[in-house]
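Chemist: work17.csv is reproduced in full below (CSV, C-alpha atoms).
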chain,number,residue,atom,x,y,z
L,102,MET,CA,46.4,-39.6,10.6
L,103,ASN,CA,42.9,-40.9,10.1
L,104,ILE,CA,40.5,-39.8,7.4
L,105,LYS,CA,38.5,-37.5,9.6
L,106,SER,CA,41.2,-35.1,10.4
L,107,GLN,CA,42.1,-34.8,6.7
L,108,LYS,CA,39.0,-32.8,6.1
L,109,ILE,CA,39.5,-29.0,5.9
L,110,LYS,CA,39.5,-27.9,9.5
L,111,LYS,CA,37.0,-25.3,10.5
L,112,SER,CA,38.5,-22.1,11.7
L,113,LYS,CA,37.7,-20.8,15.1
L,114,GLY,CA,35.7,-18.0,13.6
L,115,ASP,CA,33.5,-20.4,11.6
L,116,ARG,CA,32.9,-22.5,14.6
L,117,ALA,CA,31.8,-19.5,16.7
L,118,PHE,CA,29.7,-18.3,13.8
L,119,GLU,CA,27.9,-21.6,13.7
L,120,ILE,CA,27.3,-21.7,17.4
L,121,VAL,CA,25.8,-18.2,17.3
L,122,LEU,CA,23.7,-19.1,14.3
L,123,TYR,CA,22.2,-22.1,16.0
L,124,ILE,CA,21.5,-20.3,19.2
L,125,LEU,CA,19.8,-17.4,17.4
L,126,SER,CA,17.7,-19.7,15.3
L,127,ALA,CA,16.5,-21.6,18.3
L,128,VAL,CA,15.6,-18.3,20.0
L,129,LEU,CA,13.7,-17.2,16.9
L,130,MET,CA,11.8,-20.5,16.7
L,131,LEU,CA,10.8,-20.0,20.3
L,132,ILE,CA,9.6,-16.5,19.7
L,133,VAL,CA,7.5,-17.7,16.7
L,134,LEU,CA,6.1,-20.8,18.4
L,135,TYR,CA,5.3,-19.6,21.9
L,136,PRO,CA,2.4,-17.2,21.1
L,137,LEU,CA,0.9,-19.9,18.9
L,138,TYR,CA,1.3,-22.5,21.7
L,139,PHE,CA,-0.1,-20.1,24.2
L,140,VAL,CA,-3.3,-19.7,22.2
L,141,VAL,CA,-3.7,-23.4,22.0
L,142,ILE,CA,-3.2,-24.1,25.7
L,143,ALA,CA,-5.4,-21.1,26.6
L,144,SER,CA,-8.2,-22.5,24.6
L,145,PHE,CA,-8.2,-25.7,26.7
L,146,SER,CA,-7.7,-23.9,30.0
L,147,ASP,CA,-10.1,-22.6,32.7
L,148,PRO,CA,-10.8,-18.9,31.7
L,149,ALA,CA,-10.2,-17.8,35.3
L,150,ALA,CA,-6.7,-19.3,35.3
L,151,VAL,CA,-5.9,-17.7,32.0
L,152,GLY,CA,-7.2,-14.4,33.2
L,153,SER,CA,-5.0,-14.4,36.3
L,154,GLY,CA,-1.9,-15.4,34.3
L,155,LYS,CA,-1.5,-18.9,35.8
L,156,VAL,CA,-1.4,-20.6,32.4
L,157,TRP,CA,2.3,-20.7,31.3
L,158,LEU,CA,3.6,-24.0,30.0
L,159,ILE,CA,0.8,-26.5,30.5
L,160,PRO,CA,-3.0,-26.0,30.4
L,161,LYS,CA,-4.6,-25.5,33.8
L,162,GLY,CA,-8.1,-26.9,34.6
L,163,VAL,CA,-8.6,-28.5,31.3
L,164,THR,CA,-12.1,-27.9,29.9
L,165,LEU,CA,-13.7,-28.1,26.5
L,166,ASP,CA,-16.2,-25.3,27.4
L,167,GLY,CA,-14.7,-22.9,24.8
L,168,TYR,CA,-15.2,-25.4,22.1
L,169,LYS,CA,-18.7,-26.3,23.2
L,170,GLU,CA,-19.6,-22.7,23.2
L,171,LEU,CA,-18.2,-22.4,19.7
L,172,LEU,CA,-20.2,-25.2,18.3
L,173,ARG,CA,-23.4,-23.7,19.6
L,174,HIS,CA,-23.1,-20.6,17.4
L,175,SER,CA,-24.7,-21.2,14.0
L,176,GLU,CA,-22.9,-18.1,12.6
L,177,ILE,CA,-19.7,-20.0,12.8
L,178,TRP,CA,-21.0,-22.7,10.4
L,179,ILE,CA,-22.4,-20.1,8.1
L,180,GLY,CA,-19.1,-18.3,8.1
L,181,TYR,CA,-17.3,-21.5,7.3
L,182,ARG,CA,-19.6,-22.4,4.5
L,183,ASN,CA,-19.2,-18.9,2.9
L,184,THR,CA,-15.4,-19.0,3.3
L,185,ILE,CA,-15.2,-22.4,1.6
L,186,LEU,CA,-17.6,-21.3,-1.1
L,187,TYR,CA,-15.8,-18.1,-1.9
L,188,THR,CA,-12.4,-19.8,-1.9
L,189,PHE,CA,-13.5,-22.7,-4.0
L,190,LEU,CA,-15.4,-20.6,-6.6
L,191,GLY,CA,-12.7,-17.9,-6.6
L,192,THR,CA,-10.0,-20.4,-7.4
L,193,VAL,CA,-12.0,-22.5,-9.9
L,194,CYS,CA,-13.5,-19.7,-11.9
O,68,MET,CA,12.7,-8.0,-27.8
O,69,LYS,CA,9.9,-6.3,-29.7
O,70,GLY,CA,11.8,-3.0,-29.8
O,71,SER,CA,15.0,-4.6,-31.3
O,72,LEU,CA,12.9,-6.5,-33.8
O,73,SER,CA,11.3,-3.4,-35.2
O,74,THR,CA,14.5,-1.4,-35.3
O,75,ARG,CA,16.2,-4.1,-37.3
O,76,ARG,CA,13.3,-4.0,-39.7
O,77,THR,CA,13.4,-0.2,-40.1
O,78,SER,CA,17.1,-0.4,-40.7
O,79,PHE,CA,16.4,-2.5,-43.8
O,80,SER,CA,13.8,-0.1,-45.1
O,81,PRO,CA,14.1,3.2,-43.4
O,82,LYS,CA,11.1,4.7,-45.2
O,83,LYS,CA,8.6,2.2,-44.0
O,84,LYS,CA,7.8,3.1,-40.4
O,85,SER,CA,7.0,0.2,-38.2
O,86,THR,CA,3.5,1.2,-37.0
O,87,LEU,CA,1.5,-0.7,-34.4
O,88,PHE,CA,-0.9,-1.9,-37.1
O,89,ARG,CA,1.9,-3.3,-39.2
O,90,ARG,CA,3.4,-5.1,-36.1
O,91,VAL,CA,0.1,-6.5,-35.2
O,92,ARG,CA,-0.4,-7.8,-38.7
O,93,ARG,CA,3.0,-9.4,-38.8
O,94,ASN,CA,2.7,-11.2,-35.4
O,95,TRP,CA,-1.1,-11.6,-35.2
O,96,GLY,CA,-0.8,-15.0,-33.5
O,97,LEU,CA,1.1,-13.6,-30.6
O,98,TYR,CA,-1.3,-10.7,-30.3
O,99,LEU,CA,-4.2,-13.1,-30.3
O,100,LEU,CA,-2.7,-14.8,-27.3
O,101,LEU,CA,-2.4,-11.4,-25.6
O,102,LEU,CA,-6.1,-10.5,-26.3
O,103,PRO,CA,-7.8,-12.3,-23.4
O,104,ALA,CA,-5.5,-10.6,-20.9
O,105,LEU,CA,-6.0,-7.2,-22.6
O,106,ILE,CA,-9.8,-7.6,-22.5
O,107,LEU,CA,-9.7,-8.5,-18.8
O,108,LEU,CA,-7.5,-5.5,-18.1
O,109,ILE,CA,-9.8,-3.1,-20.0
O,110,CYS,CA,-13.0,-4.5,-18.5
O,111,PHE,CA,-11.8,-4.7,-14.9
O,112,SER,CA,-9.1,-2.0,-14.6
O,113,TYR,CA,-9.5,0.7,-17.3
O,114,LYS,CA,-13.2,0.8,-17.8
O,115,PRO,CA,-14.1,1.3,-14.1
O,116,MET,CA,-11.4,4.0,-13.9
O,117,TYR,CA,-13.7,6.6,-15.4
O,118,GLY,CA,-15.5,6.4,-12.0
O,119,VAL,CA,-12.7,8.5,-10.5
O,120,LEU,CA,-14.6,11.4,-12.1
O,121,ILE,CA,-16.8,11.5,-9.1
O,122,ALA,CA,-13.9,13.0,-7.2
O,123,PHE,CA,-14.6,16.2,-9.2
O,124,LYS,CA,-18.4,16.0,-9.2
O,125,ASN,CA,-21.2,16.3,-6.7
O,126,PHE,CA,-22.0,12.6,-7.0
O,127,ARG,CA,-25.5,11.4,-6.3
O,128,PRO,CA,-26.2,7.7,-6.8
O,129,ALA,CA,-29.6,8.5,-8.4
O,130,GLU,CA,-28.1,10.7,-11.1
O,131,GLY,CA,-25.2,8.3,-12.0
O,132,ILE,CA,-21.6,9.1,-12.5
O,133,MET,CA,-22.1,11.0,-15.8
O,134,GLY,CA,-25.4,12.6,-14.8
O,135,SER,CA,-24.1,14.3,-11.6
O,136,ALA,CA,-23.2,17.9,-11.7
O,137,TRP,CA,-19.6,19.1,-11.6
O,138,ALA,CA,-18.4,20.3,-8.3
O,139,ASP,CA,-17.8,24.0,-8.1
O,140,PRO,CA,-14.9,24.5,-8.4
O,141,TRP,CA,-13.8,21.2,-9.8
O,142,TYR,CA,-11.1,20.7,-7.1
O,143,LYS,CA,-13.6,21.4,-4.3
O,144,TYR,CA,-13.3,18.0,-2.6
O,145,LEU,CA,-9.5,17.9,-2.9
O,146,LYS,CA,-9.4,21.3,-1.3
O,147,LYS,CA,-11.8,20.2,1.4
O,148,TYR,CA,-9.4,17.4,2.3
O,149,PHE,CA,-6.3,19.6,2.3
O,150,ASP,CA,-8.1,22.1,4.5
O,151,SER,CA,-9.5,19.5,6.9
O,152,TYR,CA,-7.8,18.9,10.3
O,153,GLN,CA,-7.5,15.2,9.4
O,154,PHE,CA,-5.3,15.9,6.4
O,155,ILE,CA,-2.0,16.2,8.2
O,156,SER,CA,-2.7,13.5,10.8
O,157,THR,CA,-3.9,10.9,8.3
O,158,LEU,CA,-1.0,11.6,5.9
O,159,LYS,CA,1.5,11.6,8.7
O,160,ASN,CA,0.2,8.3,10.2
O,161,THR,CA,0.1,6.6,6.8
O,162,LEU,CA,3.7,7.7,5.9
O,163,THR,CA,5.2,6.9,9.4
O,164,ILE,CA,3.7,3.4,9.3
O,165,THR,CA,4.6,2.6,5.7
O,166,ILE,CA,8.2,4.0,6.0
O,167,TYR,CA,8.7,2.2,9.3
O,168,GLN,CA,7.5,-1.0,7.6
O,169,LEU,CA,9.8,-0.4,4.6
O,170,LEU,CA,12.7,-0.2,7.0
O,171,THR,CA,12.1,-3.8,8.1
O,172,PHE,CA,12.6,-4.9,4.5
O,173,PRO,CA,16.2,-6.3,5.1
O,174,ILE,CA,14.9,-8.7,7.8
O,175,PRO,CA,13.8,-11.5,5.5
O,176,ILE,CA,17.1,-11.2,3.6
O,177,ILE,CA,19.0,-11.7,6.9
O,178,LEU,CA,16.8,-14.7,7.8
O,179,ALA,CA,17.3,-16.2,4.4
O,180,LEU,CA,21.1,-15.9,4.8
O,181,GLY,CA,20.8,-17.5,8.1
O,182,ILE,CA,18.7,-20.4,6.9
O,183,ASN,CA,21.1,-20.9,4.0
O,184,GLN,CA,23.9,-21.5,6.5
O,185,LEU,CA,22.1,-24.1,8.5
O,186,LYS,CA,23.1,-27.6,7.7
O,187,GLU,CA,20.7,-29.6,5.5
O,188,GLY,CA,18.6,-31.9,7.7
O,189,ARG,CA,15.8,-32.1,10.1
O,190,TYR,CA,16.6,-29.0,12.1
O,191,LYS,CA,16.6,-26.8,9.1
O,192,LYS,CA,13.3,-28.2,7.8
O,193,VAL,CA,11.7,-27.7,11.2
O,194,PHE,CA,13.0,-24.2,11.5
O,195,GLN,CA,11.7,-23.3,8.1
O,196,THR,CA,8.3,-24.8,8.7
O,197,VAL,CA,8.0,-23.0,12.1
O,198,THR,CA,9.0,-19.6,10.7
O,199,TYR,CA,6.4,-20.0,7.8
O,200,MET,CA,3.6,-21.0,10.1
O,201,PRO,CA,2.3,-17.6,11.3
O,202,HIS,CA,1.9,-16.5,7.7
O,203,PHE,CA,-1.2,-18.7,7.4
O,204,ILE,CA,-3.0,-17.0,10.3
O,205,SER,CA,-5.7,-14.7,8.9
O,206,THR,CA,-5.5,-11.0,9.7
O,207,VAL,CA,-8.5,-11.1,12.0
O,208,VAL,CA,-7.2,-14.0,14.0
O,209,MET,CA,-3.8,-12.3,14.1
O,210,VAL,CA,-5.2,-9.1,15.6
O,211,GLY,CA,-7.3,-11.2,18.0
O,212,LEU,CA,-4.1,-12.9,19.1
O,213,LEU,CA,-2.4,-9.6,19.6
O,214,ILE,CA,-5.2,-8.3,21.8
O,215,LEU,CA,-5.3,-11.5,23.8
O,216,LEU,CA,-1.5,-11.6,24.4
O,217,LEU,CA,-1.1,-7.9,25.1
O,218,SER,CA,-4.1,-7.3,27.3
O,219,PRO,CA,-2.8,-5.9,30.6
O,220,GLY,CA,-5.3,-7.8,32.8
O,221,SER,CA,-5.1,-11.3,31.4
O,222,GLY,CA,-2.8,-12.3,28.6
O,223,LEU,CA,0.9,-13.0,28.4
O,224,LEU,CA,2.1,-9.5,28.8
O,225,GLY,CA,0.1,-9.0,32.0
O,226,ALA,CA,1.5,-12.3,33.3
O,227,ILE,CA,5.1,-11.4,32.5
O,228,SER,CA,4.9,-7.9,34.0
O,229,LYS,CA,3.2,-9.4,37.1
O,230,ALA,CA,6.0,-11.9,37.5
O,231,LEU,CA,8.6,-9.1,37.1
O,232,GLY,CA,6.7,-6.9,39.5
O,233,PHE,CA,5.6,-3.9,37.5
O,234,LYS,CA,2.3,-2.7,36.2
O,235,ALA,CA,1.4,-3.9,32.8
O,236,PRO,CA,1.1,-1.2,30.1
O,237,ASN,CA,-2.0,-1.1,28.0
O,238,LEU,CA,-0.2,-1.4,24.7
O,239,MET,CA,-3.3,-1.7,22.5
O,240,GLY,CA,-4.6,1.5,24.0
O,241,ASN,CA,-1.4,3.5,23.6
O,242,ALA,CA,-1.1,5.7,20.5
O,243,GLY,CA,2.6,5.8,20.7
O,244,ALA,CA,2.9,2.0,20.6
O,245,PHE,CA,0.6,1.5,17.6
O,246,LYS,CA,3.2,1.7,14.9
O,247,HIS,CA,5.6,-0.6,16.7
O,248,LEU,CA,2.9,-3.1,17.3
O,249,TYR,CA,1.7,-3.0,13.7
O,250,VAL,CA,5.1,-3.3,12.1
O,251,TRP,CA,6.6,-5.9,14.4
O,252,SER,CA,3.6,-8.1,14.5
O,253,ASP,CA,3.8,-8.0,10.7
O,254,VAL,CA,7.5,-8.9,10.9
O,255,TRP,CA,6.6,-11.8,13.2
O,256,GLN,CA,4.0,-13.0,10.8
O,257,HIS,CA,5.5,-12.6,7.4
O,258,THR,CA,9.3,-12.7,7.7
O,259,GLY,CA,9.6,-16.5,7.3
O,260,TRP,CA,7.4,-16.4,4.2
O,261,ASP,CA,9.1,-13.4,2.6
O,262,SER,CA,12.4,-15.1,3.0
O,263,ILE,CA,11.4,-17.9,0.6
O,264,ILE,CA,12.0,-15.8,-2.5
O,265,TYR,CA,15.5,-14.9,-1.2
O,266,LEU,CA,16.2,-18.6,-0.4
O,267,ALA,CA,15.3,-19.4,-4.0
O,268,ALA,CA,17.7,-16.8,-5.2
O,269,LEU,CA,20.4,-18.1,-2.9
O,270,SER,CA,20.0,-21.7,-4.1
O,271,GLY,CA,20.6,-20.4,-7.7
O,272,ILE,CA,24.1,-19.2,-6.9
O,273,ASP,CA,26.8,-21.1,-8.7
O,274,PRO,CA,28.6,-23.4,-6.1
O,275,SER,CA,31.9,-22.7,-7.8
O,276,LEU,CA,31.8,-19.2,-6.4
O,277,TYR,CA,31.7,-20.6,-2.8
O,278,GLU,CA,34.5,-23.1,-3.7
O,279,ALA,CA,36.6,-20.3,-5.1
O,280,ALA,CA,36.0,-18.2,-2.0
O,281,THR,CA,36.8,-21.1,0.3
O,282,VAL,CA,40.0,-21.8,-1.5
O,283,ASP,CA,40.9,-18.2,-1.1
O,284,GLY,CA,40.5,-18.6,2.6
O,285,ALA,CA,37.2,-16.7,3.1
O,286,SER,CA,35.4,-17.4,6.3
O,287,LYS,CA,31.7,-18.2,6.4
O,288,LEU,CA,30.9,-14.7,7.3
O,289,GLN,CA,33.1,-13.4,4.4
O,290,ARG,CA,31.4,-15.8,2.0
O,291,MET,CA,28.1,-14.4,3.1
O,292,ARG,CA,29.3,-10.8,2.7
O,293,TYR,CA,31.1,-11.2,-0.7
O,294,VAL,CA,29.1,-13.9,-2.4
O,295,ASP,CA,25.6,-14.2,-1.0
O,296,ILE,CA,24.8,-10.5,-0.6
O,297,PRO,CA,25.9,-9.3,-4.0
O,298,MET,CA,24.1,-12.1,-5.6
O,299,LEU,CA,20.9,-11.2,-3.8
O,300,MET,CA,20.9,-7.6,-4.7
O,301,PRO,CA,18.9,-7.8,-7.9
O,302,THR,CA,16.1,-9.7,-6.3
O,303,ALA,CA,16.2,-7.4,-3.3
O,304,MET,CA,15.9,-4.3,-5.5
O,305,ILE,CA,12.9,-5.7,-7.4
O,306,MET,CA,11.2,-6.6,-4.1
O,307,LEU,CA,11.9,-3.2,-2.7
O,308,ILE,CA,10.4,-1.5,-5.8
O,309,MET,CA,7.3,-3.7,-5.5
O,310,ARG,CA,6.9,-2.8,-1.8
O,311,VAL,CA,7.1,0.9,-2.6
O,312,GLY,CA,4.4,0.3,-5.2
O,313,ASN,CA,1.9,-0.3,-2.4
O,314,ILE,CA,3.3,2.1,0.1
O,315,MET,CA,0.1,4.1,0.3
O,316,SER,CA,-2.3,1.2,0.1
O,317,LEU,CA,-1.1,0.0,3.5
O,318,GLY,CA,-3.1,-3.0,4.7
O,319,PHE,CA,-6.4,-1.5,5.5
O,320,GLU,CA,-7.8,-4.5,7.3
O,321,LYS,CA,-5.2,-4.9,9.9
O,322,VAL,CA,-5.1,-1.2,10.8
O,323,TYR,CA,-8.9,-1.0,11.0
O,324,LEU,CA,-9.1,-4.0,13.2
O,325,MET,CA,-6.4,-2.7,15.5
O,326,GLN,CA,-8.0,0.7,15.9
O,327,ASN,CA,-9.7,1.7,19.1
O,328,ASN,CA,-10.7,5.0,20.6
O,329,LEU,CA,-7.5,5.2,22.6
O,330,ASN,CA,-5.1,4.8,19.8
O,331,ILE,CA,-7.1,6.5,17.0
O,332,SER,CA,-4.7,9.5,16.9
O,333,ALA,CA,-1.9,7.3,15.6
O,334,SER,CA,-4.0,4.7,13.8
O,335,GLU,CA,-6.2,6.8,11.5
O,336,ILE,CA,-4.6,6.3,8.1
O,337,ILE,CA,-5.8,7.4,4.7
O,338,SER,CA,-7.5,4.1,3.8
O,339,THR,CA,-9.4,3.8,7.1
O,340,TYR,CA,-10.4,7.5,6.8
O,341,VAL,CA,-11.6,6.9,3.2
O,342,TYR,CA,-13.6,3.9,4.4
O,343,LYS,CA,-15.3,5.9,7.2
O,344,ILE,CA,-16.0,8.9,5.0
O,345,GLY,CA,-17.1,7.0,1.9
O,346,VAL,CA,-18.8,3.8,3.0
O,347,ILE,CA,-20.1,4.8,6.4
O,348,ASP,CA,-20.8,8.5,5.9
O,349,THR,CA,-21.6,8.0,2.2
O,350,GLN,CA,-19.7,11.1,1.1
O,351,TYR,CA,-18.7,9.4,-2.1
O,352,SER,CA,-17.1,12.4,-3.9
O,353,TYR,CA,-15.0,13.4,-0.9
O,354,SER,CA,-13.7,9.9,-0.2
O,355,ALA,CA,-12.9,9.5,-4.0
O,356,ALA,CA,-10.9,12.7,-3.9
O,357,ILE,CA,-8.9,11.6,-0.8
O,358,ASN,CA,-8.2,8.2,-2.4
O,359,LEU,CA,-7.2,9.8,-5.7
O,360,PHE,CA,-4.7,12.0,-3.8
O,361,SER,CA,-3.1,9.0,-2.2
O,362,THR,CA,-3.0,7.1,-5.4
O,363,VAL,CA,-1.2,10.0,-7.2
O,364,ILE,CA,1.4,10.2,-4.4
O,365,ASN,CA,1.9,6.4,-4.6
O,366,PHE,CA,2.4,6.6,-8.4
O,367,ILE,CA,5.0,9.3,-8.1
O,368,LEU,CA,6.9,7.4,-5.4
O,369,LEU,CA,6.8,4.2,-7.4
O,370,ILE,CA,8.2,5.9,-10.5
O,371,SER,CA,10.9,7.7,-8.6
O,372,VAL,CA,12.1,4.6,-6.8
O,373,ASN,CA,12.1,2.7,-10.0
O,374,GLN,CA,14.1,5.5,-11.7
O,375,ILE,CA,16.6,5.7,-8.8
O,376,SER,CA,17.1,1.9,-8.8
O,377,LYS,CA,17.6,1.9,-12.5
O,378,LYS,CA,20.3,4.5,-12.2
O,379,LEU,CA,22.0,3.0,-9.1
O,380,SER,CA,21.8,-0.7,-9.8
O,381,ASP,CA,20.5,-1.4,-13.3
O,382,ASN,CA,17.4,-3.2,-11.8
O,383,SER,CA,14.0,-1.9,-12.6
O,384,LEU,CA,10.5,-3.1,-13.2
O,385,TRP,CA,10.3,-1.3,-16.6
Kindly present the structure from the file in structure tokens form.

Modeler:
Amino acid sequence: MNIKSQKIKKSKGDRAFEIVLYILSAVLMLIVLYPLYFVVIASFSDPAAVGSGKVWLIPKGVTLDGYKELLRHSEIWIGYRNTILYTFLGTVC
Amino acid sequence: MKGSLSTRRTSFSPKKKSTLFRRVRRNWGLYLLLLPALILLICFSYKPMYGVLIAFKNFRPAEGIMGSAWADPWYKYLKKYFDSYQFISTLKNTLTITIYQLLTFPIPIILALGINQLKEGRYKKVFQTVTYMPHFISTVVMVGLLILLLSPGSGLLGAISKALGFKAPNLMGNAGAFKHLYVWSDVWQHTGWDSIIYLAALSGIDPSLYEAATVDGASKLQRMRYVDIPMLMPTAMIMLIMRVGNIMSLGFEKVYLMQNNLNISASEIISTYVYKIGVIDTQYSYSAAINLFSTVINFILLISVNQISKKLSDNSLW
């Protein structure tokens, strides 16, 4: 008998429980991650491709137009400034 | 602590009653430390509370809270709310959504039990990080994401139903789907984060309990059932009471952002109604009366749940 088999053997039930647990956790992780991933790839993709549901796993027609548009809006920067200001002052004071 | 101290004192000298003044004089140092918190509470919680008077007055900003005339009769605005056609629907929507949300309360516990069973290592760490991630999305972005993903034309839901060959439902515009969307997107977003407190409670369990259970031949599932769950009960009860505490102050922001003309019949809750009446229509007295009503209900609920929990499980907030 080698050392390995001297460990307490896992029962069949425990084995099954572990397998189910790992499968469930993987599914859960996918459910949480996919929407986040979808938003990221959609932001890089061609709006028409997103609109017709062609964007699934990889971004289609990669553009940075969305981000260029974003940077043009001065409201965004004012918004960021205010957010940081309120958070900073609210935490410090 | 304080109570037992004073009773011991009175047992020595039964005639001298331990008054508040006497206690303060004896432990003045401790009370001095309490003072800043007390001042803060008085200034920001108790002093503004007299403003609730406007629920019983014909409040006009120019005349001030004290200067405005009393409503005639004093319960005029409460009655107005009870008689309005919005009363039943706002109350019903608020209660359905909050109670539905309260029912999802065991989910973080289940998640924590699951995480606790994963082997220490990279996979567990990645899993925890991933499940926490959505918590850091702000409400506005979260609702934007929901609209984006669920839109029947573009969006993930549209794509899936197109692939499966049926017409995509317009979930955001469906009054019946509102409560499910609200509650389950909240579950999606916060379950991982809410499980942290239970994980902390689980890590505090004495390992000898597990060892004893293993020696007795308990399977993993049985160890979970007979060791983990009983040890989590006190934490779970406190968390439940705290959630009941804000049952009526259901997240205003998210409901308001998710509202549209199509689902308004299911999404108009008391807080959004108060906002529309009070801030947009500037009917201050009426909105104060509505809010007062929901606060009173909340208060009663909190006290009853606390009392029930005290009777059933010896756990309570006070």

Chemist: Kindly provide the residues of chain O that approach chain L to within 8 Å, each paired with its closest atom pair and their distance in Å to one decimal, based on only C-alpha atoms, listed by chain and increasing number, as a Markdown table.

Modeler:
| residue | atom | partner | partner_atom | distance |
| --- | --- | --- | --- | --- |
| O:Gly181 | CA | L:Leu122 | CA | 7.0 |
| O:Leu185 | CA | L:Tyr123 | CA | 7.8 |
| O:Phe194 | CA | L:Met130 | CA | 6.5 |
| O:Val197 | CA | L:Met130 | CA | 6.5 |
| O:Thr198 | CA | L:Val133 | CA | 6.5 |
| O:Pro201 | CA | L:Val133 | CA | 7.5 |
| O:Leu212 | CA | L:Val140 | CA | 7.5 |
| O:Leu216 | CA | L:Pro136 | CA | 7.6 |
| O:Gly220 | CA | L:Gly152 | CA | 6.9 |
| O:Ser221 | CA | L:Gly152 | CA | 4.2 |
| O:Gly222 | CA | L:Gly154 | CA | 6.6 |
| O:Leu223 | CA | L:Gly154 | CA | 7.0 |
| O:Gly225 | CA | L:Gly154 | CA | 7.1 |
| O:Ala226 | CA | L:Gly154 | CA | 4.7 |
| O:Trp255 | CA | L:Val133 | CA | 6.9 |
| O:Ser286 | CA | L:Asp115 | CA | 6.4 |
| O:Lys287 | CA | L:Asp115 | CA | 5.9 |
| O:Leu288 | CA | L:Phe118 | CA | 7.5 |

Chemist: Write the selection just made, keeping C-alpha atoms, as a short mmCIF file (atom, residue, chain, number, x, y, z; two decimals), in the frame of the given file?

Modeler:
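In the end it all went to part-v5.cif:
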data_model
loop_
_atom_site.label_atom_id
_atom_site.label_comp_id
_atom_site.auth_asym_id
_atom_site.auth_seq_id
_atom_site.Cartn_x
_atom_site.Cartn_y
_atom_site.Cartn_z
CA GLY O 181 20.80 -17.50 8.10
CA LEU O 185 22.10 -24.10 8.50
CA PHE O 194 13.00 -24.20 11.50
CA VAL O 197 8.00 -23.00 12.10
CA THR O 198 9.00 -19.60 10.70
CA PRO O 201 2.30 -17.60 11.30
CA LEU O 212 -4.10 -12.90 19.10
CA LEU O 216 -1.50 -11.60 24.40
CA GLY O 220 -5.30 -7.80 32.80
CA SER O 221 -5.10 -11.30 31.40
CA GLY O 222 -2.80 -12.30 28.60
CA LEU O 223 0.90 -13.00 28.40
CA GLY O 225 0.10 -9.00 32.00
CA ALA O 226 1.50 -12.30 33.30
CA TRP O 255 6.60 -11.80 13.20
CA SER O 286 35.40 -17.40 6.30
CA LYS O 287 31.70 -18.20 6.40
CA LEU O 288 30.90 -14.70 7.30
#

Chemist: CA of Leu384 (chain O) to CA of Arg310 (chain O): how many Å, to one decimal?

Modeler: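 Separation between CA of Leu384 (chain O) and CA of Arg310 (chain O): 12.0 Å.
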
Chemist: Which value, in Å to one decimal, gives the distance between CA of Val282 (chain O) and CA of Met300 (chain O)?

Modeler: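 Atom-to-atom, CA of Val282 (chain O) to CA of Met300 (chain O), that is 24.0 Å.
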
Chemist: The centre and edge lengths of an axis-aligned box containing all atoms of region 155-161 of chain L present in the file, extended by 8 Å on each side, are to be given in Å to one decimal, as JSON.

Modeler:
{"center_x": -0.5, "center_y": -22.7, "center_z": 32.9, "size_x": 24.2, "size_y": 23.6, "size_z": 21.8}

Chemist: Between CA of Thr164 (chain L) and CA of Gly211 (chain O), what distance in Å does the model show, to one decimal?

Modeler: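 Value for the CA of Thr164 (chain L)-CA of Gly211 (chain O) distance: 21.1 Å.
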
Chemist: Using only C-alpha atoms, which of O:Thr362, O:Val208, O:Leu231, O:Asn183 sits nearest Met291 (chain O)?

Modeler: O:Asn183

Chemist: Quick one: residues within 10 Å of (-0.2, 7.7, 0.4) (file frame), counting all atoms listed in the file, please, as a list in words.

Modeler: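 The residues that fall inside the cut-off are Thr157, Leu158, Lys159, Asn160, Thr161, Leu162, Thr165, Asn313, Ile314, Met315, Ser316, Leu317, Ile336, Ile337, Ser338, Ile357, Asn358, Leu359, Phe360, Ser361, Thr362, Val363, Ile364, Asn365, Phe366 and Leu368 of chain O.
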
Chemist: Since fewer atoms than expected are present, regenerate N, CA and C atoms for region 375-382 of chain O and write them as an mmCIF file, in the coordinates of the input.

Modeler:
data_model
loop_
_atom_site.group_PDB
_atom_site.id
_atom_site.type_symbol
_atom_site.label_atom_id
_atom_site.label_comp_id
_atom_site.auth_asym_id
_atom_site.auth_seq_id
_atom_site.Cartn_x
_atom_site.Cartn_y
_atom_site.Cartn_z
ATOM 1 N N ILE O 375 15.378 5.656 -9.618
ATOM 2 C CA ILE O 375 16.600 5.700 -8.800
ATOM 3 C C ILE O 375 17.303 4.329 -8.883
ATOM 4 N N SER O 376 16.489 3.269 -8.758
ATOM 5 C CA SER O 376 17.100 1.900 -8.800
ATOM 6 C C SER O 376 17.698 1.637 -10.148
ATOM 7 N N LYS O 377 17.075 2.145 -11.204
ATOM 8 C CA LYS O 377 17.600 1.900 -12.500
ATOM 9 C C LYS O 377 18.972 2.588 -12.672
ATOM 10 N N LYS O 378 19.075 3.809 -12.113
ATOM 11 C CA LYS O 378 20.300 4.500 -12.200
ATOM 12 C C LYS O 378 21.420 3.867 -11.327
ATOM 13 N N LEU O 379 21.020 3.446 -10.103
ATOM 14 C CA LEU O 379 22.000 3.000 -9.100
ATOM 15 C C LEU O 379 22.420 1.529 -9.369
ATOM 16 N N SER O 380 21.450 0.681 -9.765
ATOM 17 C CA SER O 380 21.800 -0.700 -9.800
ATOM 18 C C SER O 380 21.356 -1.483 -11.028
ATOM 19 N N ASP O 381 20.884 -0.762 -12.034
ATOM 20 C CA ASP O 381 20.500 -1.400 -13.300
ATOM 21 C C ASP O 381 19.314 -2.410 -13.110
ATOM 22 N N ASN O 382 18.619 -2.343 -11.971
ATOM 23 C CA ASN O 382 17.400 -3.200 -11.800
ATOM 24 C C ASN O 382 16.221 -2.316 -11.825
#
